[in-house]
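Presented below is the structure to which this report refers.
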Amino acid sequence: MEQITVDRLAALTTPLVIDVRAAEGHVPGALNLHPSQLADRLDEMPHETAVYLICQSGARSSRAAEALSARGITAVDVIGGTTAWVAAGLPLDQS
């Protein structure tokens, strides 16, 4: 499974970020999906580009990335999650 730092993620142009938490405060532009919804939405996942998964600390997103990778999706876990995102001074959408 691939991993990426929040700084590298923030530098990407229009990445597909999936936040697997129910909490408020998301990486700008992130799609909010509970891990249980991922399998039902595989047909919506791109196969030609990476999907970046994030949670609060990285544990839940790591498991989600492994599950998507096992289904042929290029899934990248965001190291440190939104905790690292905020610590790096990056903004969150509060919706």
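Starting from 1 in every chain, residues are counted up; chains themselves are A, B, ... following the order of the structure tokens, and ligands are numbered from 1 as listed.
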
Neighbouring residues of Val6 (chain A) were defined as those with any atom within 12 Å, considering only C-alpha atoms; residues of the same chain fewer than 3 positions away were excluded. Please report them as a PyMOL selection string.
chain A and resi 3+9-12+17+27+52-55+57-58+76-91

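Using only C-alpha atoms, the contacts of Ile73 (chain A) at a cut-off of 12 Å, with sequence neighbours closer than 3 positions omitted, comprise Met1, Glu2, Leu38, Ala39, Arg41, Leu42, Asp43, Glu44, Met45, Pro46, His47, Glu48, Thr49, Ala50, Val51, Tyr52, Leu53, Ala64, Ala65, Glu66, Ala67, Leu68, Ser69, Ala70 and Val76 of chain A.
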
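You will find CA of Ala22 (chain A) at 9.9 Å from CA of Pro35 (chain A).
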
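Those residues in region 23-92 of chain A carrying a DSSP assignment of alpha helix (DSSP H), computed from the backbone, are Pro35, Ser36, Gln37, Leu38, Ala59, Arg60, Ser61, Ser62, Arg63, Ala64, Ala65, Glu66, Ala67, Leu68, Ser69, Ala70, Gly81, Thr82, Thr83, Ala84, Trp85, Val86 and Ala87 of chain A.
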
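Neighbours of Asn32 (chain A) closer than or equal to 8 Å, with only C-alpha atoms counted and sequence neighbours fewer than 5 positions away skipped, come out as Ile18, Asp19, Val20, Arg21, Ala22 and His26 of chain A.
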
Saved selection, atoms kept: all heavy atoms, as a CSV table (one decimal), in the first residue's frame:
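Result file again.csv:
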chain,number,residue,atom,x,y,z
A,18,ILE,N,-10.7,10.9,-0.2
A,18,ILE,CA,-11.9,10.3,0.4
A,18,ILE,C,-11.6,10.3,1.9
A,18,ILE,O,-10.6,9.7,2.4
A,18,ILE,CB,-12.2,8.9,0.0
A,18,ILE,CG1,-12.5,8.9,-1.6
A,18,ILE,CG2,-13.4,8.3,0.7
A,18,ILE,CD1,-12.7,7.5,-2.1
A,19,ASP,N,-12.5,11.0,2.7
A,19,ASP,CA,-12.4,11.1,4.1
A,19,ASP,C,-13.3,10.0,4.7
A,19,ASP,O,-14.5,10.0,4.4
A,19,ASP,CB,-12.8,12.5,4.6
A,19,ASP,CG,-12.5,12.7,6.1
A,19,ASP,OD1,-12.4,11.7,6.8
A,19,ASP,OD2,-12.3,13.9,6.4
A,20,VAL,N,-12.7,9.1,5.4
A,20,VAL,CA,-13.5,7.9,5.9
A,20,VAL,C,-14.0,8.1,7.3
A,20,VAL,O,-14.2,7.2,8.1
A,20,VAL,CB,-12.7,6.6,5.7
A,20,VAL,CG1,-12.6,6.2,4.3
A,20,VAL,CG2,-11.4,6.6,6.4
A,21,ARG,N,-14.1,9.4,7.7
A,21,ARG,CA,-14.6,9.7,9.1
A,21,ARG,C,-16.0,10.3,9.0
A,21,ARG,O,-16.4,10.8,7.9
A,21,ARG,CB,-13.8,10.8,9.7
A,21,ARG,CG,-12.3,10.5,9.9
A,21,ARG,CD,-11.6,11.7,10.4
A,21,ARG,NE,-11.8,12.8,9.5
A,21,ARG,CZ,-12.1,14.1,9.9
A,21,ARG,NH1,-12.2,14.4,11.2
A,21,ARG,NH2,-12.3,15.0,9.0
A,22,ALA,N,-16.7,10.2,10.1
A,22,ALA,CA,-18.1,10.9,10.2
A,22,ALA,C,-18.0,12.3,10.7
A,22,ALA,O,-18.9,13.0,10.7
A,22,ALA,CB,-19.0,10.0,11.0
A,26,HIS,N,-13.1,18.7,6.9
A,26,HIS,CA,-12.5,17.8,5.9
A,26,HIS,C,-11.5,18.5,5.1
A,26,HIS,O,-11.6,19.8,4.9
A,26,HIS,CB,-13.6,17.2,5.0
A,26,HIS,CG,-14.7,16.5,5.7
A,26,HIS,ND1,-14.5,15.2,6.2
A,26,HIS,CD2,-15.9,16.9,6.0
A,26,HIS,CE1,-15.6,14.9,6.8
A,26,HIS,NE2,-16.5,15.8,6.7

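For the pair CA of Ser36 (chain A) and CA of Arg63 (chain A), the interatomic distance is 11.4 Å.
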
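Interatomic distance, CA of Ala30 (chain A) against CA of Ile4 (chain A): 15.5 Å.
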